[in-house]
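Asks: Below is the structure I would like to discuss, written out as structure tokens.
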Amino acid sequence: MRLAGKVAVVTGGGSGIGRGIVLAMAREGADVVIPDIQVLNAEKVAGEAKGLGRKVLAMKTDVTSAADVKAMVDRTRETFGKIDILVNNAGAAGPPGMPFTNNTEEDWDRTFAVNTKSVFLTCKAITPHFIDRKAGRIVNIASIAGPISAPTMPPYSVAKMGVITLTRIIAKELAPHGITVNAICPGVLWTDFWQKLAAHLAESNPAFKGMTARQVFDKRVGDITPMKREQTPEDIGWAAVFLASDEARNITGQALNVDGGVVMQ
Ligand SMILES: NC(=O)c1ccc[n+]([C@@H]2O[C@H](COP(=O)([O-])OP(=O)(O)OC[C@H]3O[C@@H](n4cnc5c(N)ncnc54)[C@H](O)[C@@H]3O)[C@@H](O)[C@H]2O)c1
């Protein structure tokens, strides 16, 4: 029970990696708030976390909207009285590029809003509370797409590198207040995210002609992963638990690759 008595906000916790993080944190004793634009999914995961004996609040929130984020933080504090952990997990791949001229101005704006601006908005809304309490943990879900500079997804790759840089900037500013800020870079996971991306690549990219979505995904895992296996939401969940726990109190400003060895540095 490494997170007993803690309150964790996990954005986008209604599916995939976010669900993995919610359930890992709930297993370790945390009460959990699940703001997600797909509220029915959030409610389903909330039911699973309640089944583990935790208090859970699911709510419809668009993390690209400052007003929605403020309403989410206000409701969380009214309900639980405090926030200990913020996990910025909500994100989306956006339409593939390759060539990069395939991407539109709207692709860039939307991809930045959901992956990068959202981290700014939630951190801005929650850190005054963390500073008052001289405690708090922020875990930002970035991606290996940042460090590997993925040509299949230019705006996403740049947006996630931005998340890593923002993590370091906020970590420096908040370190004197006893608050840690870290990123996790997941590798390749068969969630909704990759299922949609692989289907799109299979249809639209000549490099993947005649392949099913799952074959595109397996090829990606095989091509780039030294350990030759995909990652799971549980892998990311346990890494997030560690970074939010007392055991990680001296770790800040880091980007932890949970990726079967794709990025080694
Ligand atoms: N799947 C992968 O291979 C992979 C790899 C690296 C990083 N990631 C990152 O992990 C995170 C989770 O992705 P996933 O694979 O679980 O995908 P997913 O599509 O299953 O989950 C994304 C979640 O975010 C929510 N969401 C999207 N836009 C939102 C918004 N505007 N406001 C609130 N919630 C919103 C969705 O409703 C969904 O519940 C994302 O940040 C993604 O970029 C995924």
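Chain labels run A, B, ... following the order of the structure tokens; each chain numbers its residues from 1, and ligands are numbered from 1 in the order shown.
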To check your reading of the model: which residues sit at most 8 Å from ligand 1 when counting only C-alpha atoms and all ligand atoms? Write the answer as an MDAnalysis selection string.
Replies: chainID A and resid 11:19 35:39 41:42 60:65 88:93 113:115 118 141:145 156 160 185:194 231 233
Asks: Give me, as a list in words, all polymer residues having an atom no more than 8 Å from A:Gly178, counting only C-alpha atoms and skipping those fewer than 3 positions away in the same chain.
Replies: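 Near A:Gly178, the qualifying residues are Lys134, Ala135, Gly136, Leu174 and Ala175 of chain A.
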Asks: Output C-alpha atoms for every residue in the selection just made, as a CSV table (one decimal), in the first residue's frame.
Replies:
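Saved to out_21.csv:
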```
chain,number,residue,atom,x,y,z
A,134,LYS,CA,4.7,21.8,0.4
A,135,ALA,CA,4.1,18.4,-1.2
A,136,GLY,CA,2.9,16.9,-4.5
A,174,LEU,CA,8.9,23.4,-7.9
A,175,ALA,CA,11.8,21.5,-6.5
```
Asks: Give me every strand (DSSP E or B) residue in stretch 57-260 of chain A, going by DSSP on the backbone, as a PyMOL selection string.
Replies: chain A and resi 57-60+85-88+136-141+179-186+189+231+255-258
Asks: I need the residues from that last selection saved to file as a short mmCIF file (atom, residue, chain, number, x, y, z; two decimals), in the first residue's frame (with N, CA and C atoms), if you can.
Replies:
```cif
data_model
loop_
_atom_site.label_atom_id
_atom_site.label_comp_id
_atom_site.auth_asym_id
_atom_site.auth_seq_id
_atom_site.Cartn_x
_atom_site.Cartn_y
_atom_site.Cartn_z
N LEU A 57 -13.97 9.36 -8.16
CA LEU A 57 -14.83 10.37 -8.78
C LEU A 57 -14.52 10.39 -10.27
N ALA A 58 -15.53 10.10 -11.09
CA ALA A 58 -15.35 10.20 -12.55
C ALA A 58 -16.09 11.44 -13.03
N MET A 59 -15.52 12.18 -13.96
CA MET A 59 -16.25 13.34 -14.46
C MET A 59 -15.83 13.68 -15.89
N LYS A 60 -16.79 14.30 -16.60
CA LYS A 60 -16.50 14.70 -17.97
C LYS A 60 -15.66 15.96 -17.93
N ILE A 85 -1.48 13.73 -5.99
CA ILE A 85 -0.79 13.23 -7.19
C ILE A 85 -1.57 13.68 -8.42
N LEU A 86 -0.85 14.21 -9.39
CA LEU A 86 -1.47 14.55 -10.69
C LEU A 86 -0.78 13.72 -11.77
N VAL A 87 -1.55 12.93 -12.50
CA VAL A 87 -0.99 12.20 -13.64
C VAL A 87 -1.62 12.77 -14.91
N ASN A 88 -0.81 13.40 -15.73
CA ASN A 88 -1.28 13.94 -17.01
C ASN A 88 -1.13 12.86 -18.07
N GLY A 136 3.62 17.21 -3.25
CA GLY A 136 2.86 16.92 -4.47
C GLY A 136 3.72 16.17 -5.46
N ARG A 137 3.05 15.36 -6.26
CA ARG A 137 3.75 14.57 -7.28
C ARG A 137 3.06 14.79 -8.62
N ILE A 138 3.85 15.11 -9.63
CA ILE A 138 3.29 15.23 -10.98
C ILE A 138 3.99 14.20 -11.87
N VAL A 139 3.19 13.42 -12.58
CA VAL A 139 3.73 12.43 -13.53
C VAL A 139 3.09 12.72 -14.88
N ASN A 140 3.89 13.09 -15.85
CA ASN A 140 3.38 13.41 -17.19
C ASN A 140 3.65 12.25 -18.14
N ILE A 141 2.61 11.79 -18.82
CA ILE A 141 2.81 10.70 -19.77
C ILE A 141 3.20 11.32 -21.12
N ILE A 179 8.15 19.41 -4.29
CA ILE A 179 7.26 18.76 -5.28
C ILE A 179 8.12 18.14 -6.38
N THR A 180 7.83 16.90 -6.75
CA THR A 180 8.57 16.28 -7.84
C THR A 180 7.72 16.25 -9.11
N VAL A 181 8.40 16.37 -10.23
CA VAL A 181 7.73 16.37 -11.54
C VAL A 181 8.56 15.48 -12.48
N ASN A 182 7.95 14.41 -12.95
CA ASN A 182 8.66 13.49 -13.85
C ASN A 182 7.77 13.11 -15.02
N ALA A 183 8.40 12.59 -16.05
CA ALA A 183 7.65 12.08 -17.20
C ALA A 183 7.90 10.58 -17.33
N ILE A 184 6.93 9.90 -17.92
CA ILE A 184 7.12 8.51 -18.35
C ILE A 184 6.97 8.51 -19.86
N CYS A 185 7.89 7.84 -20.55
CA CYS A 185 7.77 7.69 -22.00
C CYS A 185 7.42 6.24 -22.30
N PRO A 186 6.11 5.96 -22.52
CA PRO A 186 5.74 4.60 -22.90
C PRO A 186 6.27 4.28 -24.29
N LEU A 189 2.08 0.34 -27.27
CA LEU A 189 1.02 -0.41 -26.57
C LEU A 189 -0.20 -0.55 -27.46
N GLN A 231 4.56 -3.16 -24.77
CA GLN A 231 4.36 -2.82 -23.37
C GLN A 231 2.86 -2.89 -23.06
N ALA A 255 12.79 11.70 -17.37
CA ALA A 255 11.87 11.06 -18.32
C ALA A 255 12.24 9.58 -18.33
N LEU A 256 11.35 8.76 -17.76
CA LEU A 256 11.60 7.33 -17.61
C LEU A 256 11.03 6.58 -18.82
N ASN A 257 11.89 5.95 -19.59
CA ASN A 257 11.43 5.20 -20.76
C ASN A 257 10.97 3.81 -20.33
N VAL A 258 9.69 3.50 -20.55
CA VAL A 258 9.16 2.16 -20.24
C VAL A 258 8.83 1.57 -21.60
#
```
Asks: Please provide the set of residues having any atom within 10 Å of A:Val73, restricted to only C-alpha atoms, with same-chain residues fewer than 3 positions apart removed, written as a list of chain:residue names.
Replies: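 So, after excluding close chain neighbours, the residues are A:Val9, A:Val33, A:Pro35, A:Asp68, A:Val69, A:Lys70, A:Thr76, A:Arg77, A:Glu78, A:Thr79, A:Lys82, A:Ile83, A:Thr122, A:Ala125, A:Ile126, A:His129.
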Asks: Which residue gives the smallest distance to A:Val241 among A:Lys196, A:Lys117, A:Arg27, A:Lys172, with only C-alpha atoms counted?
Replies: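 Closest residue, counting only C-alpha atoms: A:Arg27.
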Asks: Between A:Ile251, A:Ala150, A:Ile169, A:Ala213, which has the minimum distance to A:Pro99 (counting only C-alpha atoms)?
Replies: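 Of A:Ile251, A:Ala150, A:Ile169, A:Ala213, the one nearest A:Pro99 is A:Ala150, counting only C-alpha atoms.
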Asks: Nearest residue to A:Ala171 out of A:Val221, A:Met211, A:Val216, A:Cys123, using only C-alpha atoms?
Replies: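 Closest to A:Ala171 of all the choices is A:Cys123.
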Asks: With distances taken over only C-alpha atoms, which residue among A:Ile164, A:Pro147, A:Thr101, A:Arg220 lies nearest A:Phe208?
Replies: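 Ranking A:Ile164, A:Pro147, A:Thr101, A:Arg220 by distance to A:Phe208, first place goes to A:Arg220.
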Asks: Counting only C-alpha atoms, which of A:Ala4, A:Ser157, A:Ile21, A:Val10 gets nearest to A:Arg54?
Replies: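 Smallest distance to A:Arg54 is found for A:Ala4.
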Asks: Between atom CA of A:Thr212 and atom CA of A:Ala199, what is the distance in Å, rounded to a tenth?
Replies: 7.2 Å
Asks: As a PyMOL selection string, which residues of stretch 54-226 of chain A does DSSP assign to helix (DSSP H, G or I)?
Replies: chain A and resi 66-80+100-102+105-133+145-148+154-177+192-204+206-208+213-224
Asks: If we count only C-alpha atoms and set the cut-off at 9 Å, which residues sit around A:Gly53, ignoring sequence neighbours fewer than 5 positions away in its own chain? Please answer as a ChimeraX atom specification.
Replies: /A:26-27,29,31
